[in-house]
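Quick look at query_27.json (JSON, C-alpha atoms and all ligand atoms):
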[["chain", "number", "residue", "atom", "x", "y", "z"],
["A", 20, "MET", "CA", 104.75, 90.87, -258.99],
["A", 21, "ALA", "CA", 104.90, 93.52, -261.72],
["A", 22, "ALA", "CA", 108.08, 95.59, -261.86],
["A", 23, "PRO", "CA", 107.51, 99.27, -261.09],
["A", 24, "SER", "CA", 109.14, 101.62, -263.65],
["A", 25, "PHE", "CA", 111.32, 103.07, -260.89],
["A", 26, "PRO", "CA", 112.26, 101.59, -257.51],
["A", 27, "LEU", "CA", 110.09, 102.61, -254.54],
["A", 28, "TRP", "CA", 113.24, 103.14, -252.53],
["A", 29, "THR", "CA", 116.94, 103.41, -253.38],
["A", 30, "ALA", "CA", 119.99, 102.70, -251.22],
["A", 31, "ARG", "CA", 123.16, 104.51, -252.30],
["A", 32, "VAL", "CA", 126.28, 103.15, -250.69],
["A", 33, "LEU", "CA", 129.62, 104.97, -250.68],
["A", 34, "THR", "CA", 132.34, 102.45, -249.92],
["A", 35, "LEU", "CA", 135.90, 101.40, -250.69],
["A", 36, "PHE", "CA", 134.54, 97.86, -251.14],
["A", 37, "PRO", "CA", 131.65, 98.02, -253.64],
["A", 38, "ASP", "CA", 131.96, 94.25, -254.18],
["A", 39, "MET", "CA", 130.49, 93.73, -250.70],
["A", 40, "PHE", "CA", 127.10, 94.68, -252.23],
["A", 41, "PRO", "CA", 124.47, 93.40, -252.69],
["A", 42, "GLY", "CA", 126.04, 90.52, -250.71],
["A", 43, "SER", "CA", 123.38, 88.97, -248.50],
["A", 44, "LEU", "CA", 120.85, 91.56, -249.74],
["A", 45, "GLY", "CA", 120.94, 89.75, -253.10],
["A", 46, "GLN", "CA", 119.33, 86.64, -251.50],
["A", 47, "SER", "CA", 115.93, 85.71, -250.11],
["A", 48, "LEU", "CA", 113.16, 88.34, -249.85],
["A", 49, "SER", "CA", 115.40, 91.38, -250.34],
["A", 50, "GLY", "CA", 117.15, 89.73, -253.31],
["A", 51, "LYS", "CA", 113.85, 88.94, -254.99],
["A", 52, "ALA", "CA", 112.60, 92.47, -254.43],
["A", 53, "LEU", "CA", 115.87, 93.89, -255.79],
["A", 54, "LYS", "CA", 115.57, 91.78, -258.95],
["A", 55, "ASN", "CA", 111.93, 92.84, -259.30],
["A", 56, "GLY", "CA", 112.89, 96.51, -259.11],
["A", 57, "ILE", "CA", 110.97, 97.17, -255.85],
["A", 58, "TRP", "CA", 114.10, 98.76, -254.44],
["A", 59, "GLY", "CA", 117.32, 99.95, -256.07],
["A", 60, "LEU", "CA", 120.96, 99.71, -255.06],
["A", 61, "GLU", "CA", 123.70, 102.06, -256.28],
["A", 62, "THR", "CA", 127.27, 101.71, -255.09],
["A", 63, "VAL", "CA", 129.84, 104.49, -255.35],
["A", 64, "ASP", "CA", 133.54, 103.61, -255.10],
["A", 65, "ILE", "CA", 135.10, 106.26, -252.85],
["A", 66, "ARG", "CA", 138.48, 105.52, -254.45],
["A", 67, "ASP", "CA", 137.20, 106.97, -257.74],
["A", 68, "PHE", "CA", 137.46, 110.39, -256.03],
["A", 69, "ALA", "CA", 141.14, 110.04, -255.12],
["A", 70, "ARG", "CA", 143.30, 112.84, -256.50],
["A", 71, "ASP", "CA", 146.79, 111.38, -256.90],
["A", 72, "LYS", "CA", 148.22, 108.73, -259.17],
["A", 73, "HIS", "CA", 148.37, 106.23, -256.31],
["A", 74, "ARG", "CA", 144.63, 106.77, -255.74],
["A", 75, "SER", "CA", 145.24, 107.18, -252.00],
["A", 76, "VAL", "CA", 142.23, 107.63, -249.74],
["A", 77, "ASP", "CA", 143.81, 107.61, -246.27],
["A", 78, "ASP", "CA", 146.78, 108.87, -244.32],
["A", 79, "ALA", "CA", 148.43, 108.67, -240.87],
["A", 80, "PRO", "CA", 146.54, 110.35, -238.00],
["A", 81, "PHE", "CA", 147.85, 113.73, -236.78],
["A", 82, "GLY", "CA", 148.94, 113.30, -233.17],
["A", 83, "GLY", "CA", 150.09, 109.76, -233.85],
["A", 84, "GLY", "CA", 148.45, 106.43, -233.13],
["A", 85, "ALA", "CA", 147.74, 103.21, -234.96],
["A", 86, "GLY", "CA", 146.10, 102.85, -238.33],
["A", 87, "LEU", "CA", 145.06, 105.25, -241.03],
["A", 88, "VAL", "CA", 142.39, 107.91, -241.30],
["A", 89, "MET", "CA", 140.26, 108.57, -244.37],
["A", 90, "ARG", "CA", 141.15, 111.90, -245.98],
["A", 91, "PRO", "CA", 138.54, 114.67, -245.77],
["A", 92, "ASP", "CA", 139.00, 115.92, -249.35],
["A", 93, "VAL", "CA", 138.42, 112.55, -251.02],
["A", 94, "LEU", "CA", 135.46, 111.62, -248.84],
["A", 95, "THR", "CA", 133.63, 114.95, -249.15],
["A", 96, "ASP", "CA", 134.17, 114.96, -252.93],
["A", 97, "ALA", "CA", 132.55, 111.51, -253.06],
["A", 98, "ILE", "CA", 129.64, 112.59, -250.81],
["A", 99, "GLU", "CA", 129.01, 115.89, -252.60],
["A", 100, "ALA", "CA", 129.15, 114.35, -256.09],
["A", 101, "THR", "CA", 126.74, 111.63, -254.95],
["A", 102, "VAL", "CA", 124.29, 114.06, -253.34],
["A", 103, "ARG", "CA", 124.28, 116.15, -256.56],
["A", 104, "ARG", "CA", 123.49, 113.14, -258.73],
["A", 105, "SER", "CA", 119.74, 112.70, -259.29],
["A", 106, "LEU", "CA", 117.85, 109.42, -259.15],
["A", 107, "PRO", "CA", 116.90, 107.59, -262.37],
["A", 108, "ASP", "CA", 113.48, 109.34, -262.34],
["A", 109, "GLY", "CA", 115.16, 112.76, -262.14],
["A", 110, "THR", "CA", 114.47, 113.44, -258.43],
["A", 111, "GLN", "CA", 117.17, 115.30, -256.49],
["A", 112, "VAL", "CA", 118.38, 113.60, -253.29],
["A", 113, "GLY", "CA", 119.66, 116.79, -251.62],
["A", 114, "ASP", "CA", 117.31, 116.72, -248.61],
["A", 115, "MET", "CA", 117.14, 112.96, -248.21],
["A", 116, "PRO", "CA", 118.90, 111.13, -245.35],
["A", 117, "CYS", "CA", 122.67, 110.71, -245.62],
["A", 118, "LEU", "CA", 124.01, 108.41, -242.90],
["A", 119, "TYR", "CA", 127.56, 107.81, -241.75],
["A", 120, "LEU", "CA", 127.81, 104.38, -240.13],
["A", 121, "SER", "CA", 129.73, 104.59, -236.88],
["A", 122, "PRO", "CA", 129.62, 103.15, -233.36],
["A", 123, "ARG", "CA", 129.66, 106.80, -232.19],
["A", 124, "GLY", "CA", 126.32, 107.48, -233.86],
["A", 125, "ARG", "CA", 122.81, 107.58, -232.52],
["A", 126, "LEU", "CA", 121.46, 104.06, -231.96],
["A", 127, "LEU", "CA", 119.16, 102.82, -234.72],
["A", 128, "THR", "CA", 115.57, 102.08, -233.69],
["A", 129, "GLN", "CA", 112.61, 100.58, -235.51],
["A", 130, "ALA", "CA", 111.02, 104.07, -235.45],
["A", 131, "ARG", "CA", 114.01, 105.46, -237.39],
["A", 132, "VAL", "CA", 113.86, 102.50, -239.79],
["A", 133, "ARG", "CA", 110.22, 103.39, -240.53],
["A", 134, "GLU", "CA", 111.27, 106.98, -241.29],
["A", 135, "LEU", "CA", 114.08, 105.85, -243.58],
["A", 136, "ALA", "CA", 111.59, 103.68, -245.48],
["A", 137, "LYS", "CA", 109.51, 106.81, -246.23],
["A", 138, "ALA", "CA", 112.43, 108.58, -247.96],
["A", 139, "GLN", "CA", 112.83, 107.89, -251.67],
["A", 140, "CYS", "CA", 116.59, 107.44, -251.30],
["A", 141, "VAL", "CA", 118.97, 106.94, -248.38],
["A", 142, "THR", "CA", 122.73, 107.41, -248.75],
["A", 143, "PHE", "CA", 125.06, 105.29, -246.63],
["A", 144, "VAL", "CA", 128.65, 106.44, -246.15],
["A", 145, "CYS", "CA", 130.91, 103.58, -245.07],
["A", 146, "GLY", "CA", 134.19, 104.47, -243.43],
["A", 147, "ARG", "CA", 137.16, 102.16, -243.10],
["A", 148, "TYR", "CA", 140.33, 101.90, -241.11],
["A", 149, "GLU", "CA", 140.54, 103.86, -237.88],
["A", 150, "GLY", "CA", 137.88, 106.31, -239.02],
["A", 151, "VAL", "CA", 137.56, 109.44, -241.11],
["A", 152, "ASP", "CA", 138.82, 112.98, -240.71],
["A", 153, "GLU", "CA", 136.34, 114.71, -238.38],
["A", 154, "ARG", "CA", 136.13, 117.76, -240.66],
["A", 155, "ALA", "CA", 134.61, 115.66, -243.44],
["A", 156, "LEU", "CA", 131.75, 114.68, -241.12],
["A", 157, "GLU", "CA", 131.19, 118.30, -239.98],
["A", 158, "SER", "CA", 131.42, 119.78, -243.44],
["A", 159, "SER", "CA", 129.18, 117.29, -245.23],
["A", 160, "GLY", "CA", 126.52, 117.30, -242.49],
["A", 161, "VAL", "CA", 126.07, 113.53, -242.50],
["A", 162, "GLU", "CA", 124.05, 111.95, -239.69],
["A", 163, "GLU", "CA", 126.04, 109.43, -237.62],
["A", 164, "VAL", "CA", 124.15, 106.20, -236.95],
["A", 165, "SER", "CA", 125.15, 103.12, -234.97],
["A", 166, "ILE", "CA", 123.56, 99.67, -235.03],
["A", 167, "GLY", "CA", 124.69, 98.69, -231.53],
["A", 168, "ASP", "CA", 127.30, 99.01, -228.82],
["A", 169, "TYR", "CA", 130.07, 96.93, -230.38],
["A", 170, "VAL", "CA", 132.69, 97.69, -233.00],
["A", 171, "LEU", "CA", 132.69, 96.57, -236.64],
["A", 172, "SER", "CA", 135.74, 96.82, -238.89],
["A", 173, "GLY", "CA", 133.81, 99.01, -241.30],
["A", 174, "GLY", "CA", 130.42, 100.49, -242.02],
["A", 175, "GLU", "CA", 129.44, 98.02, -244.78],
["A", 176, "PRO", "CA", 127.89, 95.29, -242.59],
["A", 177, "ALA", "CA", 125.99, 98.02, -240.69],
["A", 178, "ALA", "CA", 124.68, 99.49, -243.98],
["A", 179, "THR", "CA", 123.59, 95.97, -244.98],
["A", 180, "VAL", "CA", 121.69, 95.60, -241.69],
["A", 181, "ILE", "CA", 119.90, 98.94, -242.08],
["A", 182, "ILE", "CA", 119.02, 98.33, -245.74],
["A", 183, "ASP", "CA", 117.59, 94.91, -244.83],
["A", 184, "SER", "CA", 115.45, 96.46, -242.09],
["A", 185, "VAL", "CA", 114.04, 99.05, -244.53],
["A", 186, "VAL", "CA", 113.53, 96.73, -247.49],
["A", 187, "ARG", "CA", 111.35, 94.34, -245.51],
["A", 188, "LEU", "CA", 109.00, 97.22, -244.74],
["A", 189, "LEU", "CA", 108.51, 98.16, -248.38],
["A", 190, "LEU", "CA", 105.16, 97.29, -249.82],
["A", 191, "GLY", "CA", 105.03, 93.90, -251.45],
["A", 192, "VAL", "CA", 108.36, 92.64, -250.11],
["A", 193, "VAL", "CA", 106.69, 90.66, -247.37],
["A", 194, "GLY", "CA", 103.77, 88.58, -248.68],
["A", 195, "ASP", "CA", 101.22, 89.57, -246.05],
["A", 196, "PRO", "CA", 101.71, 93.12, -244.72],
["A", 197, "ALA", "CA", 99.68, 92.19, -241.61],
["A", 198, "THR", "CA", 102.55, 89.97, -240.45],
["A", 199, "LEU", "CA", 104.67, 93.11, -239.99],
["A", 200, "ASP", "CA", 102.38, 94.66, -237.36],
["A", 201, "GLU", "CA", 102.71, 91.83, -234.89],
["A", 202, "GLU", "CA", 106.47, 91.58, -235.05],
["A", 203, "SER", "CA", 109.04, 92.55, -232.46],
["A", 204, "PHE", "CA", 109.20, 96.28, -231.75],
["A", 205, "GLU", "CA", 106.25, 97.26, -233.91],
["A", 206, "GLU", "CA", 104.27, 97.70, -230.71],
["A", 207, "GLY", "CA", 107.25, 98.05, -228.42],
["A", 208, "LEU", "CA", 107.07, 94.35, -227.44],
["A", 209, "LEU", "CA", 109.21, 91.36, -228.31],
["A", 210, "GLU", "CA", 107.59, 88.63, -230.36],
["A", 211, "TYR", "CA", 105.37, 85.90, -228.91],
["A", 212, "PRO", "CA", 106.44, 82.23, -229.37],
["A", 213, "GLN", "CA", 105.45, 80.41, -232.58],
["A", 214, "TYR", "CA", 104.70, 76.71, -233.16],
["A", 215, "THR", "CA", 104.10, 74.43, -236.14],
["A", 216, "ARG", "CA", 103.66, 70.70, -236.73],
["A", 217, "PRO", "CA", 104.18, 68.20, -235.23],
["A", 218, "ARG", "CA", 101.73, 68.83, -232.38],
["A", 219, "GLU", "CA", 103.86, 66.82, -230.01],
["A", 220, "TRP", "CA", 107.62, 66.74, -230.33],
["A", 221, "ARG", "CA", 110.19, 65.36, -227.83],
["A", 222, "ASP", "CA", 107.45, 65.22, -225.20],
["A", 223, "ARG", "CA", 106.61, 68.88, -225.72],
["A", 224, "GLU", "CA", 103.08, 69.90, -226.65],
["A", 225, "VAL", "CA", 101.95, 72.93, -228.59],
["A", 226, "PRO", "CA", 100.01, 75.24, -226.21],
["A", 227, "GLU", "CA", 96.36, 74.12, -226.23],
["A", 228, "VAL", "CA", 94.94, 77.56, -226.93],
["A", 229, "LEU", "CA", 96.62, 77.67, -230.36],
["A", 230, "LEU", "CA", 94.68, 74.55, -231.40],
["A", 231, "SER", "CA", 91.36, 75.97, -230.19],
["A", 232, "GLY", "CA", 90.51, 77.95, -233.32],
["A", 233, "HIS", "CA", 89.31, 80.67, -230.94],
["A", 234, "HIS", "CA", 90.84, 83.79, -232.48],
["A", 235, "ASP", "CA", 90.17, 86.19, -229.60],
["A", 236, "ARG", "CA", 91.67, 83.80, -227.06],
["A", 237, "ILE", "CA", 94.69, 83.20, -229.30],
["A", 238, "LYS", "CA", 95.22, 86.93, -229.71],
["A", 239, "ALA", "CA", 94.98, 87.50, -225.95],
["A", 240, "TRP", "CA", 97.38, 84.61, -225.24],
["A", 241, "ARG", "CA", 99.93, 85.95, -227.73],
["A", 242, "ARG", "CA", 99.78, 89.45, -226.28],
["A", 243, "GLN", "CA", 100.25, 88.06, -222.76],
["A", 244, "GLN", "CA", 103.26, 85.98, -223.91],
["A", 245, "ALA", "CA", 104.80, 88.97, -225.69],
["A", 246, "GLU", "CA", 104.40, 91.02, -222.51],
["A", 247, "ARG", "CA", 105.88, 88.28, -220.30],
["A", 248, "ILE", "CA", 108.93, 87.83, -222.56],
["A", 249, "THR", "CA", 109.51, 91.58, -222.88],
["A", 250, "GLU", "CA", 109.26, 92.12, -219.10],
["A", 251, "GLN", "CA", 111.69, 89.25, -218.42],
["A", 252, "ARG", "CA", 114.26, 90.01, -221.11],
["A", 253, "ARG", "CA", 114.13, 93.73, -221.79],
["A", 254, "PRO", "CA", 113.23, 95.83, -218.76],
["A", 255, "ASP", "CA", 114.12, 98.95, -220.79],
["A", 256, "LEU", "CA", 111.50, 98.18, -223.46],
["A", 257, "TRP", "CA", 109.05, 97.04, -220.82],
["A", 258, "SER", "CA", 109.11, 100.29, -218.87],
["A", 259, "ASP", "CA", 108.55, 102.31, -222.09],
["A", 260, "TYR", "CA", 105.66, 100.02, -223.01],
["A", 261, "ALA", "CA", 104.14, 100.08, -219.52],
["A", 262, "SER", "CA", 104.25, 103.88, -219.42],
["A", 263, "GLY", "CA", 102.51, 104.00, -222.80],
["A", 264, "LYS", "CA", 105.46, 105.80, -224.44],
["A", 265, "ASN", "CA", 105.37, 103.70, -227.56],
["A", 266, "LYS", "CA", 101.61, 104.08, -228.10],
["A", 267, "GLY", "CA", 100.65, 104.79, -231.68],
["A", 268, "SER", "CA", 104.19, 104.44, -232.98],
["A", 269, "ALA", "CA", 103.30, 101.36, -235.00],
["A", 270, "ASP", "CA", 101.36, 103.42, -237.58],
["A", 301, "LIG", "CL1", 126.97, 101.71, -237.82],
["A", 301, "LIG", "N1", 129.54, 101.15, -238.03],
["A", 301, "LIG", "C1", 130.66, 100.61, -237.59],
["A", 301, "LIG", "N2", 131.76, 100.77, -238.33],
["A", 301, "LIG", "N3", 130.75, 99.94, -236.46],
["A", 301, "LIG", "C2", 129.64, 99.81, -235.76],
["A", 301, "LIG", "C3", 128.43, 100.35, -236.15],
["A", 301, "LIG", "C4", 128.42, 101.03, -237.31],
["A", 301, "LIG", "N4", 127.49, 100.08, -235.23],
["A", 301, "LIG", "C5", 128.11, 99.38, -234.32],
["A", 301, "LIG", "N5", 129.40, 99.21, -234.61]]
Could you render the structure as structure tokens?
Amino acid sequence: MAAPSFPLWTARVLTLFPDMFPGSLGQSLSGKALKNGIWGLETVDIRDFARDKHRSVDDAPFGGGAGLVMRPDVLTDAIEATVRRSLPDGTQVGDMPCLYLSPRGRLLTQARVRELAKAQCVTFVCGRYEGVDERALESSGVEEVSIGDYVLSGGEPAATVIIDSVVRLLLGVVGDPATLDEESFEEGLLEYPQYTRPREWRDREVPEVLLSGHHDRIKAWRRQQAERITEQRRPDLWSDYASGKNKGSAD
């Protein structure tokens, strides 16, 4: 695949641990696309914005309690300097999404991932320790996003998850773009079961319909399986699907 002169999409990650990137994003499909210049990755070391000779970025929480809190001055300096910096093609990122990864944030959905993929650049602010000074979040206007109801020790693995989910949507990253449409969540359903050779394995047969070569019947069978699995496993998704709420969202 020919390298575009500028990436289609850029992830900017503000972190105290820039060595965590690209990490797993440097492998497999996303790694290949990164090397081919389909998407770009810029890391910003928050510590570079520290003001004192000890380069301190955190301090004890007012009111007491365990752990340390990231200082508002250092973090907002890092965010504001990053937002001011233009992309390699000269575009300003001022109005583009700037996410703060936090279990307090709004839960990420495939619909939001599709929106993020349409932006030219998304900035990810990764906190550490017990959190960040609340005033830095208010003042910088970052959008808090969570990837699920559990707690990570920092935002970096969450940023990695979100970047992965965007990169696979970018044109040319996945060989056949049609494969994307049928996947989990693209129509509000979980994925249907897949089979490959051998036809019989440990006394288990591949469903007959898949060997029929009858494309309409295969399509109908897959849809029915996807519906059955969604109804059984995810009543929340199923009720949205059944009420037609997700209609047209796969565009
Ligand atoms: Cl986005 N960040 C952190 N630090 N923890 C999380 C999370 C995000 N989502 C779930 N837990």
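Considering the residues A:Pro23, A:Pro212, A:Pro80, A:Gly86 and counting only C-alpha atoms, A:Gly56 has its shortest atom-to-atom contact with A:Pro23.
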Can you pull out the residues contacting A:Ser172? Cut-off 9 Å, using only C-alpha atoms, and skip same-chain residues under 3 positions away; I want them as a compact mmCIF listing (two decimals) with C-alpha atoms, keeping the file's coordinate frame.
# COMPACT_ATOMS: atom_id res chain seq x y z
CA ARG A 147 137.16 102.16 -243.10
CA TYR A 148 140.33 101.90 -241.11
CA GLU A 149 140.54 103.86 -237.88
CA GLU A 175 129.44 98.02 -244.78
CA PRO A 176 127.89 95.29 -242.59
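Across the structure, atom CA of A:Ala97 and atom CA of A:Glu134 are spaced 24.7 Å apart.
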- Task: Find the residues near ligand LIG 301 (chain A). Use a cut-off of 9 Å, count only C-alpha atoms and all ligand atoms, and write them as a count of residues only.
- Result: 32
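Take the candidates A:Leu135, A:Val186, A:Ala261, A:Leu27 and check each one against A:Gly50 using all atoms listed in the file; the shortest distance goes to A:Val186.
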- Would you mind reading off the distance between atom CA of A:Trp240 and atom CA of A:Leu188, one decimal, in Å? 26.0 Å
- Query: Restricting the calculation to only C-alpha atoms, which member of A:Glu224, A:Glu206, A:Asp152, A:Glu162 is positioned closest to A:Trp257?
  - Reply: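 Checking each candidate against A:Trp257, we get A:Glu206 as the closest.
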- Query: Between atom CA of A:Leu190 and atom CA of A:Tyr211, what is the distance, to one decimal in Å?
  - Reply: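 Computing it gives 23.8 Å between the two atoms.
Using only C-alpha atoms, the protein and nucleic acid residues lying at most 6 Å from the point (111.8, 97.1, -258.4) are A:Ala22, A:Pro23, A:Pro26, A:Leu53, A:Asn55, A:Gly56, A:Ile57, A:Trp58.
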- Message: Given the point (128.2, 104.7, -251.7) in the file's coordinates, find the residues that have an atom at most 10 Å from it, counting all atoms listed in the file, and give them as an NGL selection string.
- Response: :A and (30-37 or 60-65 or 97-98 or 101 or 142-145 or 175 or 178)
- Counting all atoms listed in the file, which of A:Leu229, A:Leu256, A:Val93, A:Ala52 gets nearest to A:Thr29?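 Checking each candidate against A:Thr29, we get A:Ala52 as the closest.
Of the residues listed (A:Arg74, A:Ala138, A:Leu208, A:Gly160), A:Leu208 shows the shortest atom-to-atom separation from A:Asp255; distances use only C-alpha atoms.
Comparing A:Gly109, A:Gly83, A:Pro217, A:Gly59 by their smallest distance to A:Gly45, the closest is A:Gly59 (using only C-alpha atoms).
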- For A:Ala79: contacts at 10 Å, all atoms listed in the file, fewer than 5 positions along chain excluded, given as JSON, numbers by chain: {"A": [84, 85, 86, 87, 88, 89, 90, 149]}
Give the padded box for stretch 182-188 of chain A as lines of an AutoDock Vina configuration file: axis-aligned, covering all atoms listed in the file, 5 Å on each side, centre and edge lengths in Å to one decimal.
center_x = 114.0
center_y = 96.7
center_z = -244.8
size_x = 20.0
size_y = 14.7
size_z = 15.4
